[in-house]
Every structure is written in C-alpha cells, then in structure tokens.
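So this one's final.cif, mmCIF, C-alpha atoms, pLDDT in the B column; chains and numbers go by the auth columns:
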data_final
loop_
_atom_site.group_PDB
_atom_site.id
_atom_site.type_symbol
_atom_site.label_atom_id
_atom_site.label_comp_id
_atom_site.label_asym_id
_atom_site.label_seq_id
_atom_site.Cartn_x
_atom_site.Cartn_y
_atom_site.Cartn_z
_atom_site.B_iso_or_equiv
_atom_site.auth_seq_id
_atom_site.auth_asym_id
ATOM 1 C CA GLY A 1 127.752 -11.603 -102.691 84.00 17 A
ATOM 2 C CA GLY A 2 129.467 -8.612 -101.087 90.00 18 A
ATOM 3 C CA TRP A 3 133.020 -9.878 -101.308 92.00 19 A
ATOM 4 C CA THR A 4 134.809 -8.330 -104.265 94.00 20 A
ATOM 5 C CA ALA A 5 138.518 -8.028 -104.936 94.00 21 A
ATOM 6 C CA LYS A 6 138.157 -4.250 -105.051 96.00 22 A
ATOM 7 C CA ARG A 7 136.506 -4.014 -101.634 96.00 23 A
ATOM 8 C CA LEU A 8 138.907 -6.425 -99.945 95.00 24 A
ATOM 9 C CA ARG A 9 141.931 -4.668 -101.449 96.00 25 A
ATOM 10 C CA GLU A 10 140.600 -1.346 -100.178 96.00 26 A
ATOM 11 C CA HIS A 11 140.312 -2.834 -96.682 96.00 27 A
ATOM 12 C CA GLN A 12 143.880 -4.102 -96.818 94.00 28 A
ATOM 13 C CA GLU A 13 145.190 -0.710 -97.933 96.00 29 A
ATOM 14 C CA ASN A 14 143.237 1.123 -95.214 96.00 30 A
ATOM 15 C CA TRP A 15 143.458 -1.270 -92.283 93.00 31 A
ATOM 16 C CA HIS A 16 144.439 1.657 -90.036 96.00 32 A
ATOM 17 C CA LEU A 17 140.928 3.087 -90.505 97.00 33 A
ATOM 18 C CA PHE A 18 139.279 0.176 -88.658 96.00 34 A
ATOM 19 C CA ASP A 19 138.837 -0.250 -84.914 95.00 35 A
ATOM 20 C CA PRO A 20 140.892 -3.325 -83.867 90.00 36 A
ATOM 21 C CA ILE A 21 138.295 -4.398 -81.287 90.00 37 A
ATOM 22 C CA THR A 22 134.927 -3.771 -82.950 91.00 38 A
ATOM 23 C CA LEU A 23 136.250 -4.010 -86.558 93.00 39 A
ATOM 24 C CA ARG A 24 134.082 -0.964 -87.353 95.00 40 A
ATOM 25 C CA GLY A 25 135.506 1.391 -89.973 96.00 41 A
ATOM 26 C CA TYR A 26 135.714 5.157 -89.799 96.00 42 A
ATOM 27 C CA GLY A 27 136.705 7.960 -92.154 96.00 43 A
ATOM 28 C CA LYS A 28 136.495 6.772 -95.754 96.00 44 A
ATOM 29 C CA MET A 29 135.820 3.202 -94.497 97.00 45 A
ATOM 30 C CA LYS A 30 132.774 4.194 -92.428 95.00 46 A
ATOM 31 C CA ASN A 31 129.809 1.783 -92.424 93.00 47 A
ATOM 32 C CA GLN A 32 131.983 -1.288 -93.107 96.00 48 A
ATOM 33 C CA TYR A 33 133.549 -3.952 -90.912 96.00 49 A
ATOM 34 C CA TYR A 34 137.115 -5.025 -91.562 95.00 50 A
ATOM 35 C CA GLY A 35 137.392 -8.035 -93.869 94.00 51 A
ATOM 36 C CA LEU A 36 133.636 -7.975 -94.588 95.00 52 A
ATOM 37 C CA PRO A 37 132.915 -10.848 -92.156 94.00 53 A
ATOM 38 C CA TRP A 38 130.362 -13.404 -93.356 91.00 54 A
ATOM 39 C CA PRO A 39 127.617 -12.967 -94.186 92.00 55 A
ATOM 40 C CA CYS A 40 128.236 -9.969 -96.418 93.00 56 A
ATOM 41 C CA TRP A 41 125.112 -10.011 -98.538 90.00 57 A
ATOM 42 C CA ASP A 42 125.937 -7.564 -101.324 89.00 58 A
ATOM 43 C CA THR A 43 128.310 -4.743 -102.242 91.00 59 A
ATOM 44 C CA LYS A 44 126.348 -2.289 -100.082 90.00 60 A
ATOM 45 C CA HIS A 45 126.378 -4.526 -97.004 94.00 61 A
ATOM 46 C CA PRO A 46 128.992 -3.810 -94.290 96.00 62 A
ATOM 47 C CA GLY A 47 129.595 -7.426 -93.252 95.00 63 A
ATOM 48 C CA SER A 48 128.396 -9.041 -89.999 94.00 64 A
ATOM 49 C CA PRO A 49 130.717 -8.592 -86.992 91.00 65 A
ATOM 50 C CA ILE A 50 128.447 -10.649 -84.686 91.00 66 A
ATOM 51 C CA LEU A 51 126.134 -13.401 -85.915 88.00 67 A
ATOM 52 C CA TYR A 52 122.510 -13.488 -84.749 92.00 68 A
ATOM 53 C CA ASN A 53 122.158 -9.977 -83.334 92.00 69 A
ATOM 54 C CA PRO A 54 118.541 -8.847 -83.727 93.00 70 A
ATOM 55 C CA ASP A 55 119.294 -5.514 -82.021 94.00 71 A
ATOM 56 C CA THR A 56 121.171 -4.371 -85.141 94.00 72 A
ATOM 57 C CA PRO A 57 119.370 -3.812 -88.460 96.00 73 A
ATOM 58 C CA VAL A 58 120.071 -6.360 -91.211 95.00 74 A
ATOM 59 C CA ASN A 59 121.488 -3.633 -93.446 95.00 75 A
ATOM 60 C CA GLU A 60 123.988 -2.771 -90.701 94.00 76 A
ATOM 61 C CA GLY A 61 125.123 -6.339 -90.003 94.00 77 A
ATOM 62 C CA GLY A 62 122.367 -7.749 -87.788 95.00 78 A
ATOM 63 C CA MET A 63 120.047 -10.750 -88.232 95.00 79 A
ATOM 64 C CA GLY A 64 118.050 -13.414 -86.422 95.00 80 A
ATOM 65 C CA PHE A 65 118.804 -17.138 -86.397 96.00 81 A
ATOM 66 C CA ARG A 66 118.922 -18.885 -89.755 94.00 82 A
ATOM 67 C CA ASN A 67 115.922 -20.955 -90.844 94.00 83 A
ATOM 68 C CA ARG A 68 117.635 -24.116 -92.107 90.00 84 A
ATOM 69 C CA PHE A 69 115.668 -26.999 -90.647 90.00 85 A
ATOM 70 C CA GLY A 70 112.125 -26.633 -91.918 91.00 86 A
ATOM 71 C CA LEU A 71 109.181 -24.592 -90.749 94.00 87 A
ATOM 72 C CA GLU A 72 108.174 -26.924 -87.919 94.00 88 A
ATOM 73 C CA HIS A 73 109.329 -29.926 -85.920 93.00 89 A
ATOM 74 C CA ASP A 74 107.052 -32.200 -83.881 92.00 90 A
ATOM 75 C CA GLY A 75 104.232 -29.751 -84.496 94.00 91 A
ATOM 76 C CA GLU A 76 106.149 -26.728 -83.160 93.00 92 A
ATOM 77 C CA SER A 77 106.976 -23.788 -85.396 95.00 93 A
ATOM 78 C CA GLN A 78 110.692 -23.272 -86.019 95.00 94 A
ATOM 79 C CA LEU A 79 110.220 -19.589 -86.850 96.00 95 A
ATOM 80 C CA ALA A 80 111.009 -16.923 -84.268 95.00 96 A
ATOM 81 C CA ASN A 81 108.221 -15.879 -81.941 93.00 97 A
ATOM 82 C CA ASP A 82 106.119 -12.857 -82.854 91.00 98 A
ATOM 83 C CA ASN A 83 107.955 -10.675 -80.323 90.00 99 A
ATOM 84 C CA VAL A 84 111.417 -11.444 -81.742 91.00 100 A
ATOM 85 C CA ASN A 85 111.930 -8.663 -84.257 93.00 101 A
ATOM 86 C CA VAL A 86 115.152 -7.721 -86.012 94.00 102 A
ATOM 87 C CA LYS A 87 115.569 -3.965 -85.636 95.00 103 A
ATOM 88 C CA LYS A 88 114.076 -1.877 -88.483 96.00 104 A
ATOM 89 C CA SER A 89 112.672 -4.984 -90.214 96.00 105 A
ATOM 90 C CA LEU A 90 109.365 -4.214 -91.923 96.00 106 A
ATOM 91 C CA VAL A 91 108.414 -7.904 -91.564 96.00 107 A
ATOM 92 C CA LYS A 92 107.606 -8.467 -87.897 94.00 108 A
ATOM 93 C CA GLY A 93 108.274 -11.670 -85.987 94.00 109 A
ATOM 94 C CA GLY A 94 109.631 -14.854 -87.529 95.00 110 A
ATOM 95 C CA TYR A 95 109.762 -15.568 -91.246 96.00 111 A
ATOM 96 C CA PRO A 96 111.192 -18.370 -93.429 96.00 112 A
ATOM 97 C CA GLU A 97 114.166 -18.382 -95.770 96.00 113 A
ATOM 98 C CA ILE A 98 113.299 -16.125 -98.700 97.00 114 A
ATOM 99 C CA THR A 99 112.797 -17.919 -102.020 97.00 115 A
ATOM 100 C CA LYS A 100 111.367 -17.095 -105.414 97.00 116 A
ATOM 101 C CA ALA A 101 108.257 -19.040 -104.421 97.00 117 A
ATOM 102 C CA ASN A 102 107.508 -17.125 -101.204 97.00 118 A
ATOM 103 C CA ILE A 103 109.109 -13.682 -101.601 97.00 119 A
ATOM 104 C CA GLU A 104 105.920 -11.917 -102.645 97.00 120 A
ATOM 105 C CA GLU A 105 103.918 -13.346 -99.743 97.00 121 A
ATOM 106 C CA VAL A 106 106.578 -12.842 -97.056 97.00 122 A
ATOM 107 C CA LEU A 107 107.620 -9.326 -98.104 97.00 123 A
ATOM 108 C CA GLY A 108 104.163 -8.206 -99.216 97.00 124 A
ATOM 109 C CA ILE A 109 105.355 -7.155 -102.691 97.00 125 A
ATOM 110 C CA THR A 110 104.462 -7.852 -106.311 97.00 126 A
ATOM 111 C CA LEU A 111 107.222 -8.804 -108.735 97.00 127 A
ATOM 112 C CA THR A 112 107.246 -7.895 -112.394 97.00 128 A
ATOM 113 C CA GLU A 113 107.350 -10.674 -114.964 97.00 129 A
ATOM 114 C CA GLU A 114 110.873 -9.548 -115.882 97.00 130 A
ATOM 115 C CA GLU A 115 112.024 -9.885 -112.261 97.00 131 A
ATOM 116 C CA LYS A 116 110.488 -13.355 -112.019 96.00 132 A
ATOM 117 C CA ARG A 117 112.267 -14.391 -115.197 97.00 133 A
ATOM 118 C CA LYS A 118 115.674 -13.241 -113.948 97.00 134 A
ATOM 119 C CA MET A 119 115.330 -14.402 -110.346 96.00 135 A
ATOM 120 C CA GLY A 120 116.959 -17.622 -109.109 96.00 136 A
ATOM 121 C CA ALA A 121 115.103 -20.219 -107.057 97.00 137 A
ATOM 122 C CA ASN A 122 116.499 -18.943 -103.742 95.00 138 A
ATOM 123 C CA TRP A 123 118.988 -16.406 -102.417 90.00 139 A
ATOM 124 C CA LYS A 124 121.904 -18.858 -102.646 90.00 140 A
ATOM 125 C CA VAL A 125 121.582 -19.252 -106.423 94.00 141 A
ATOM 126 C CA ASP A 126 119.987 -15.926 -107.352 94.00 142 A
ATOM 127 C CA LEU A 127 122.710 -14.432 -109.545 93.00 143 A
ATOM 128 C CA SER A 128 120.411 -11.525 -110.460 94.00 144 A
ATOM 129 C CA GLY A 129 120.636 -10.185 -106.894 92.00 145 A
ATOM 130 C CA ILE A 130 116.926 -9.337 -106.967 95.00 146 A
ATOM 131 C CA ILE A 131 116.045 -11.393 -103.869 96.00 147 A
ATOM 132 C CA GLN A 132 118.723 -9.623 -101.847 94.00 148 A
ATOM 133 C CA GLU A 133 117.712 -6.233 -103.231 95.00 149 A
ATOM 134 C CA LYS A 134 114.050 -6.716 -102.261 97.00 150 A
ATOM 135 C CA CYS A 135 115.029 -7.983 -98.804 96.00 151 A
ATOM 136 C CA ARG A 136 117.328 -5.004 -98.240 95.00 152 A
ATOM 137 C CA GLU A 137 114.455 -2.622 -99.001 96.00 153 A
ATOM 138 C CA LYS A 138 112.386 -4.306 -96.270 97.00 154 A
ATOM 139 C CA GLY A 139 115.243 -4.697 -93.766 96.00 155 A
ATOM 140 C CA VAL A 140 114.861 -8.464 -94.006 96.00 156 A
ATOM 141 C CA CYS A 141 117.552 -11.159 -93.795 96.00 157 A
ATOM 142 C CA VAL A 142 117.394 -13.511 -96.781 95.00 158 A
ATOM 143 C CA TYR A 143 117.944 -16.637 -94.684 94.00 159 A
ATOM 144 C CA GLY A 144 114.982 -15.992 -92.432 96.00 160 A
ATOM 145 C CA ASN A 145 114.303 -15.235 -88.771 97.00 161 A
ATOM 146 C CA ALA A 146 113.964 -18.486 -86.840 96.00 162 A
ATOM 147 C CA LYS A 147 114.510 -20.066 -83.431 95.00 163 A
ATOM 148 C CA ALA A 148 117.891 -21.362 -82.356 92.00 164 A
ATOM 149 C CA ARG A 149 118.077 -25.148 -82.679 89.00 165 A
ATOM 150 C CA ALA A 150 119.340 -26.383 -79.308 87.00 166 A
ATOM 151 C CA ILE A 151 118.186 -29.974 -79.893 90.00 167 A
ATOM 152 C CA VAL A 152 119.746 -31.239 -83.135 92.00 168 A
ATOM 153 C CA TRP A 153 117.281 -33.930 -84.161 91.00 169 A
ATOM 154 C CA THR A 154 119.207 -34.833 -87.338 89.00 170 A
ATOM 155 C CA PHE A 155 122.350 -35.780 -85.357 91.00 171 A
ATOM 156 C CA PRO A 156 122.995 -39.207 -83.783 90.00 172 A
ATOM 157 C CA ASP A 157 122.966 -37.438 -80.394 94.00 173 A
ATOM 158 C CA PRO A 158 120.238 -34.759 -80.479 94.00 174 A
ATOM 159 C CA VAL A 159 121.644 -33.521 -77.168 94.00 175 A
ATOM 160 C CA PRO A 160 125.463 -33.817 -76.976 93.00 176 A
ATOM 161 C CA LYS A 161 126.833 -36.522 -74.694 94.00 177 A
ATOM 162 C CA HIS A 162 130.245 -37.916 -73.967 96.00 178 A
ATOM 163 C CA ARG A 163 131.605 -40.691 -76.186 97.00 179 A
ATOM 164 C CA GLU A 164 135.082 -42.112 -75.727 95.00 180 A
ATOM 165 C CA PRO A 165 137.518 -41.735 -78.652 93.00 181 A
ATOM 166 C CA ILE A 166 137.790 -44.748 -80.953 93.00 182 A
ATOM 167 C CA HIS A 167 141.324 -45.470 -79.724 93.00 183 A
ATOM 168 C CA SER A 168 140.569 -44.482 -76.140 93.00 184 A
ATOM 169 C CA PRO A 169 143.351 -44.383 -73.537 91.00 185 A
ATOM 170 C CA ARG A 170 140.673 -45.428 -71.000 92.00 186 A
ATOM 171 C CA PHE A 171 139.383 -48.801 -72.167 93.00 187 A
ATOM 172 C CA ASP A 172 137.554 -49.142 -68.855 93.00 188 A
ATOM 173 C CA LEU A 173 135.243 -46.298 -69.977 96.00 189 A
ATOM 174 C CA VAL A 174 134.518 -47.600 -73.479 95.00 190 A
ATOM 175 C CA LYS A 175 131.539 -49.768 -72.502 93.00 191 A
ATOM 176 C CA LYS A 176 129.991 -46.928 -70.506 95.00 192 A
ATOM 177 C CA TYR A 177 130.624 -44.289 -73.187 97.00 193 A
ATOM 178 C CA PRO A 178 130.811 -46.138 -76.541 96.00 194 A
ATOM 179 C CA THR A 179 131.432 -44.425 -79.853 96.00 195 A
ATOM 180 C CA TYR A 180 128.977 -44.553 -82.779 95.00 196 A
ATOM 181 C CA ALA A 181 127.892 -47.684 -84.609 95.00 197 A
ATOM 182 C CA ASP A 182 129.795 -48.648 -87.752 96.00 198 A
ATOM 183 C CA GLN A 183 128.530 -46.901 -90.890 94.00 199 A
ATOM 184 C CA LYS A 184 127.850 -48.490 -94.231 94.00 200 A
ATOM 185 C CA ASN A 185 128.469 -46.500 -97.395 94.00 201 A
ATOM 186 C CA ASN A 186 129.490 -43.283 -95.670 90.00 202 A
ATOM 187 C CA PHE A 187 130.334 -41.241 -98.785 91.00 203 A
ATOM 188 C CA ARG A 188 130.928 -44.550 -100.603 94.00 204 A
ATOM 189 C CA VAL A 189 133.155 -45.980 -97.848 95.00 205 A
ATOM 190 C CA ASP A 190 132.286 -48.417 -95.054 96.00 206 A
ATOM 191 C CA VAL A 191 133.601 -46.852 -91.833 95.00 207 A
ATOM 192 C CA ARG A 192 134.536 -48.728 -88.644 96.00 208 A
ATOM 193 C CA PHE A 193 133.648 -47.006 -85.391 96.00 209 A
ATOM 194 C CA GLU A 194 132.306 -49.362 -82.714 96.00 210 A
ATOM 195 C CA SER A 195 133.983 -52.505 -84.073 96.00 211 A
ATOM 196 C CA GLU A 196 137.340 -50.720 -84.139 96.00 212 A
ATOM 197 C CA GLN A 197 136.925 -49.324 -80.639 96.00 213 A
ATOM 198 C CA MET A 198 135.922 -52.673 -79.124 95.00 214 A
ATOM 199 C CA GLU A 199 138.523 -54.764 -80.962 94.00 215 A
ATOM 200 C CA LYS A 200 141.080 -54.465 -78.158 94.00 216 A
ATOM 201 C CA ASP A 201 142.510 -52.182 -75.494 95.00 217 A
ATOM 202 C CA TRP A 202 144.255 -49.651 -77.709 93.00 218 A
ATOM 203 C CA SER A 203 145.767 -47.759 -74.771 91.00 219 A
ATOM 204 C CA LYS A 204 148.584 -50.278 -74.503 88.00 220 A
ATOM 205 C CA GLU A 205 149.857 -49.205 -77.920 90.00 221 A
ATOM 206 C CA PHE A 206 148.573 -45.611 -77.886 87.00 222 A
ATOM 207 C CA PRO A 207 148.495 -44.309 -74.291 88.00 223 A
ATOM 208 C CA THR A 208 148.331 -40.615 -75.211 87.00 224 A
ATOM 209 C CA MET A 209 145.637 -38.730 -77.109 83.00 225 A
ATOM 210 C CA ILE A 210 146.800 -35.857 -79.297 83.00 226 A
ATOM 211 C CA VAL A 211 143.995 -33.525 -80.382 82.00 227 A
ATOM 212 C CA THR A 212 144.204 -30.816 -83.021 78.00 228 A
ATOM 213 C CA MET A 213 142.705 -27.443 -82.194 75.00 229 A
ATOM 214 C CA ARG A 214 142.114 -24.088 -83.807 74.00 230 A
ATOM 215 C CA VAL A 215 144.159 -21.014 -82.978 74.00 231 A
ATOM 216 C CA VAL A 216 142.439 -17.722 -83.661 71.00 232 A
ATOM 217 C CA ASN A 217 145.146 -16.219 -85.879 68.00 233 A
ATOM 218 C CA LEU A 218 145.401 -19.395 -87.985 70.00 234 A
ATOM 219 C CA SER A 219 141.786 -20.524 -88.230 64.00 235 A
ATOM 220 C CA GLY A 220 140.783 -21.168 -91.833 63.00 236 A
ATOM 221 C CA ALA A 221 144.077 -20.110 -93.379 63.00 237 A
ATOM 222 C CA GLY A 222 146.973 -21.835 -91.695 62.00 238 A
ATOM 223 C CA MET A 223 145.929 -24.921 -89.763 61.00 239 A
ATOM 224 C CA LEU A 224 146.953 -27.347 -92.504 64.00 240 A
ATOM 225 C CA GLU A 225 148.347 -25.850 -95.670 64.00 241 A
ATOM 226 C CA ARG A 226 150.464 -23.030 -94.177 68.00 242 A
ATOM 227 C CA THR A 227 150.006 -21.147 -97.459 72.00 243 A
ATOM 228 C CA SER A 228 149.670 -17.616 -96.040 74.00 244 A
ATOM 229 C CA LYS A 229 153.054 -15.929 -95.714 77.00 245 A
ATOM 230 C CA TYR A 230 151.557 -13.385 -93.324 77.00 246 A
ATOM 231 C CA LEU A 231 150.237 -16.008 -90.903 77.00 247 A
ATOM 232 C CA SER A 232 153.404 -18.069 -91.208 78.00 248 A
ATOM 233 C CA HIS A 233 155.333 -14.953 -90.169 81.00 249 A
ATOM 234 C CA ILE A 234 153.147 -14.560 -87.071 78.00 250 A
ATOM 235 C CA THR A 235 153.454 -18.245 -86.124 78.00 251 A
ATOM 236 C CA PRO A 236 156.522 -19.621 -87.954 81.00 252 A
ATOM 237 C CA GLU A 237 156.965 -22.842 -85.944 82.00 253 A
ATOM 238 C CA MET A 238 154.677 -25.798 -85.313 79.00 254 A
ATOM 239 C CA PHE A 239 153.898 -26.255 -81.623 83.00 255 A
ATOM 240 C CA ALA A 240 151.943 -28.366 -79.148 85.00 256 A
ATOM 241 C CA HIS A 241 150.505 -27.737 -75.696 88.00 257 A
ATOM 242 C CA ILE A 242 151.425 -30.574 -73.364 90.00 258 A
ATOM 243 C CA ASN A 243 151.168 -31.085 -69.614 90.00 259 A
ATOM 244 C CA PRO A 244 154.654 -30.699 -68.075 94.00 260 A
ATOM 245 C CA GLU A 245 154.201 -33.886 -66.070 93.00 261 A
ATOM 246 C CA LEU A 246 153.390 -35.868 -69.214 88.00 262 A
ATOM 247 C CA ALA A 247 156.245 -34.230 -71.078 89.00 263 A
#

Starting from the file, give its structure as structure tokens.
Amino acid sequence: GGWTAKRLREHQENWHLFDPITLRGYGKMKNQYYGLPWPCWDTKHPGSPILYNPDTPVNEGGMGFRNRFGLEHDGESQLANDNVNVKKSLVKGGYPEITKANIEEVLGITLTEEEKRKMGANWKVDLSGIIQEKCREKGVCVYGNAKARAIVWTFPDPVPKHREPIHSPRFDLVKKYPTYADQKNNFRVDVRFESEQMEKDWSKEFPTMIVTMRVVNLSGAGMLERTSKYLSHITPEMFAHINPELA
C-alpha cells in the first residue's frame, strides 16, 4: 500500500541521500528506507529493511513473525508468547492477523458504522486503508505477531531432508534418498517424480547437474527476462560457476 510512483521516483532522484549499508535515508529522505522494501504498509510507512525485528516499532519498519498458519497446531498456540512484544505496540504479546471480524476485539476499539461499511474483509483487500490506519495508531502489524514456524506441517517433509534430484548423477543414492511420489492433477497436470527417477540410471546420459541460483543484484529483476537495462549494464554477460577440474 505504500508503494507509489511518486515515492519511488523521489527515491531514484535522491539515491545519494540514503546510506548504502543500512538503506536509511537522511536529509529530505529521513524516516524512509531506500526502495521502500516490503512490507511498506502505507504512504506514511518507511519500508522494512529487516523482516521480523520486534526491537523496532512497526511504524518504523519492525514487526513480529507473520500469523499465516492458524491460531493453533496440535493444541499449541501459534501466536507469540506473552513476553514477545514488538516495541511501542499497545497490544502486548502475540495477536492474530487483523481482520474486519476481529479488529475491534484485538485493538480494543469501536468502529463506526461508516467505517464498517467501507472496510474490507482483511488487510490484504481493505482498499479503504482503515485497517492499516487503526493498526498504525496502536503500533500493531496488520499480519499479526506469531511464532516462527520451524516445522512446516503442510509440506511433504515437515523437517527438511535430503532427496536426490529426479535425474540424479548418483543412481546409487536414489533408493536411499528418493524424490517425492508422483502427483495427480497438480494444477491440472499429472506430474512424474518417483516413476521418472526410478525409470533408469539417468547419470549415463546426464552426468552433470546444472543448478540455477540467485545473484543479489539480479534477484527478481534479471534472472530470466533480462528486461532491466540497468541490471543488464551491471551484468551484461551470462555466466556459470564451474569447478575447474570438471571444466
């Protein structure tokens, strides 16, 4: 909600007024971070230079962990403990994602009928900006203050473990570290994983694995499309890192 063409253009024209390490602005750009890093909640928000920093107030770019996976799991609350407070927040301890249904209870406020009429169901679709405005007044992050989810119970491997690539160059490891089971109707397509991996020893045809990676100055704007002339100027040629012995 805080990204506007006017603000971003002003950053571009005054890039020299931002610290290159901390991204913090000074002079006329004080109280902003360069590029308004996500999340930038509204046009008064400075952007968030570091995610999940409860030692910084929400209105200055801080926040707790996002509450995305329900209020509890296996009987344990997913909200932050009572002693985990985001600095200057008037709501202490953990709290859920702020919605039209719970905003009055969580923030301890009373909405007018006009505000209720204008307000969207949650902060993601609230085009009125009222949810964000009320949260700002309380120093509260709209997406909640929850615990970090170290065990991802909605993933095939709740705790990450090694699985060999489908076309593994080490067929001797495939049985010990198999890939995932085949998937039916994965976004309308049947996808072969295990059956493809076990079909034969692929290393005889494909002995080398080539893996794409992200480079910091290209991430999100130059890995595939190469559409940014500025980033193409910084890194004009395609390249690969390869072990000299393999080369």

Go through A:Lys163, A:His27, A:His183, A:Lys216 one by one, measure the shortest atom-to-atom distance of each to A:Arg40 using only C-alpha atoms, and give the residue with the smallest value.
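Looking only at the distances to A:Arg40, the closest residue turns out to be A:His27.
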
request  = Carefully work through the PyMOL selection byres ((chain A and resi 206-213) around 12) for this structure and note down the residues it includes, as number ranges by chain.
outcome  = A: 179-191, 193-205, 214-219

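Of the listed residues (A:Phe81, A:Trp139, A:Tyr159, A:Phe222), A:Phe81 comes nearest to A:Asn69; the distances count all atoms listed in the file.
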
Near stretch 121-132 of chain A, counting only C-alpha atoms, which residues have an atom at most 8 Å away, once you skip same-chain residues fewer than 4 positions from it, shown as a PyMOL selection string? chain A and resi 107+111+114+116+146+151+154

Selected by the PyMOL selection byres ((chain A and resi 164) around 10) in the shown coordinates: which residues, as a PDB file with C-alpha atoms, in the frame of the given file?
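Wrote it out as part_24.pdb, contents follow:
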ATOM      1  CA  TYR A  68     122.510 -13.488 -84.749  1.00 92.00           C
ATOM      2  CA  GLY A  80     118.050 -13.414 -86.422  1.00 95.00           C
ATOM      3  CA  PHE A  81     118.804 -17.138 -86.397  1.00 96.00           C
ATOM      4  CA  ARG A  82     118.922 -18.885 -89.755  1.00 94.00           C
ATOM      5  CA  ASN A  83     115.922 -20.955 -90.844  1.00 94.00           C
ATOM      6  CA  GLN A  94     110.692 -23.272 -86.019  1.00 95.00           C
ATOM      7  CA  LEU A  95     110.220 -19.589 -86.850  1.00 96.00           C
ATOM      8  CA  ALA A  96     111.009 -16.923 -84.268  1.00 95.00           C
ATOM      9  CA  ASN A 161     114.303 -15.235 -88.771  1.00 97.00           C
ATOM     10  CA  ALA A 162     113.964 -18.486 -86.840  1.00 96.00           C
ATOM     11  CA  LYS A 163     114.510 -20.066 -83.431  1.00 95.00           C
ATOM     12  CA  ARG A 165     118.077 -25.148 -82.679  1.00 89.00           C
ATOM     13  CA  ALA A 166     119.340 -26.383 -79.308  1.00 87.00           C
ATOM     14  CA  ILE A 167     118.186 -29.974 -79.893  1.00 90.00           C
TER      15      ILE A 167
END

Expand the PyMOL selection byres ((chain A and resi 78) around 10) into the explicit residue set it covers here, and present it as a list in words. Pro55, Gly63, Ser64, Pro65, Ile66, Leu67, Tyr68, Asn69, Pro70, Asp71, Thr72, Pro73, Val74, Asn75, Glu76, Gly77, Met79, Gly80, Val102, Lys103, Gly155, Val156 and Cys157 of chain A

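For the pair atom CA of A:Arg84 and atom CA of A:Phe171, the interatomic distance is 14.3 Å.
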
| query | atom CA of A:Lys150 and atom CA of A:Asn47, how far apart in Å? | reply |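 Separating atom CA of A:Asn47 from atom CA of A:Lys150 is a distance of 20.4 Å.
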
Q.
Between atom CA of A:Leu106 and atom CA of A:Asn118, what distance in Å does the model show, to one decimal?
A.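 Atom-to-atom, atom CA of A:Leu106 and atom CA of A:Asn118 are spaced 16.0 Å apart.
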
Specify the axis-aligned box that encloses all atoms of stretch 102-115 of chain A listed in the file after padding of 4 Å on each side, stating its centre and edge lengths in Å to one decimal as lines of an AutoDock Vina configuration file.
center_x = 111.6
center_y = -10.1
center_z = -93.8
size_x = 16.0
size_y = 24.5
size_z = 24.4

So which residues touch A:Lys140 within 10 Å, counting only C-alpha atoms, skipping near sequence neighbours fewer than 3 positions away, as a JSON list (two decimals) with C-alpha atoms, keeping the file's coordinate frame?
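out.json, written as the output of this step:
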[["chain", "number", "residue", "atom", "x", "y", "z"],
["A", 17, "GLY", "CA", 127.75, -11.60, -102.69],
["A", 114, "ILE", "CA", 113.30, -16.12, -98.70],
["A", 115, "THR", "CA", 112.80, -17.92, -102.02],
["A", 136, "GLY", "CA", 116.96, -17.62, -109.11],
["A", 137, "ALA", "CA", 115.10, -20.22, -107.06],
["A", 143, "LEU", "CA", 122.71, -14.43, -109.54],
["A", 145, "GLY", "CA", 120.64, -10.18, -106.89],
["A", 147, "ILE", "CA", 116.04, -11.39, -103.87],
["A", 148, "GLN", "CA", 118.72, -9.62, -101.85],
["A", 158, "VAL", "CA", 117.39, -13.51, -96.78],
["A", 159, "TYR", "CA", 117.94, -16.64, -94.68]]

Judged by only C-alpha atoms, the minimum distance to A:Thr228 among A:Met254, A:Met45, A:Ala117, A:Val141 is found for A:Met254
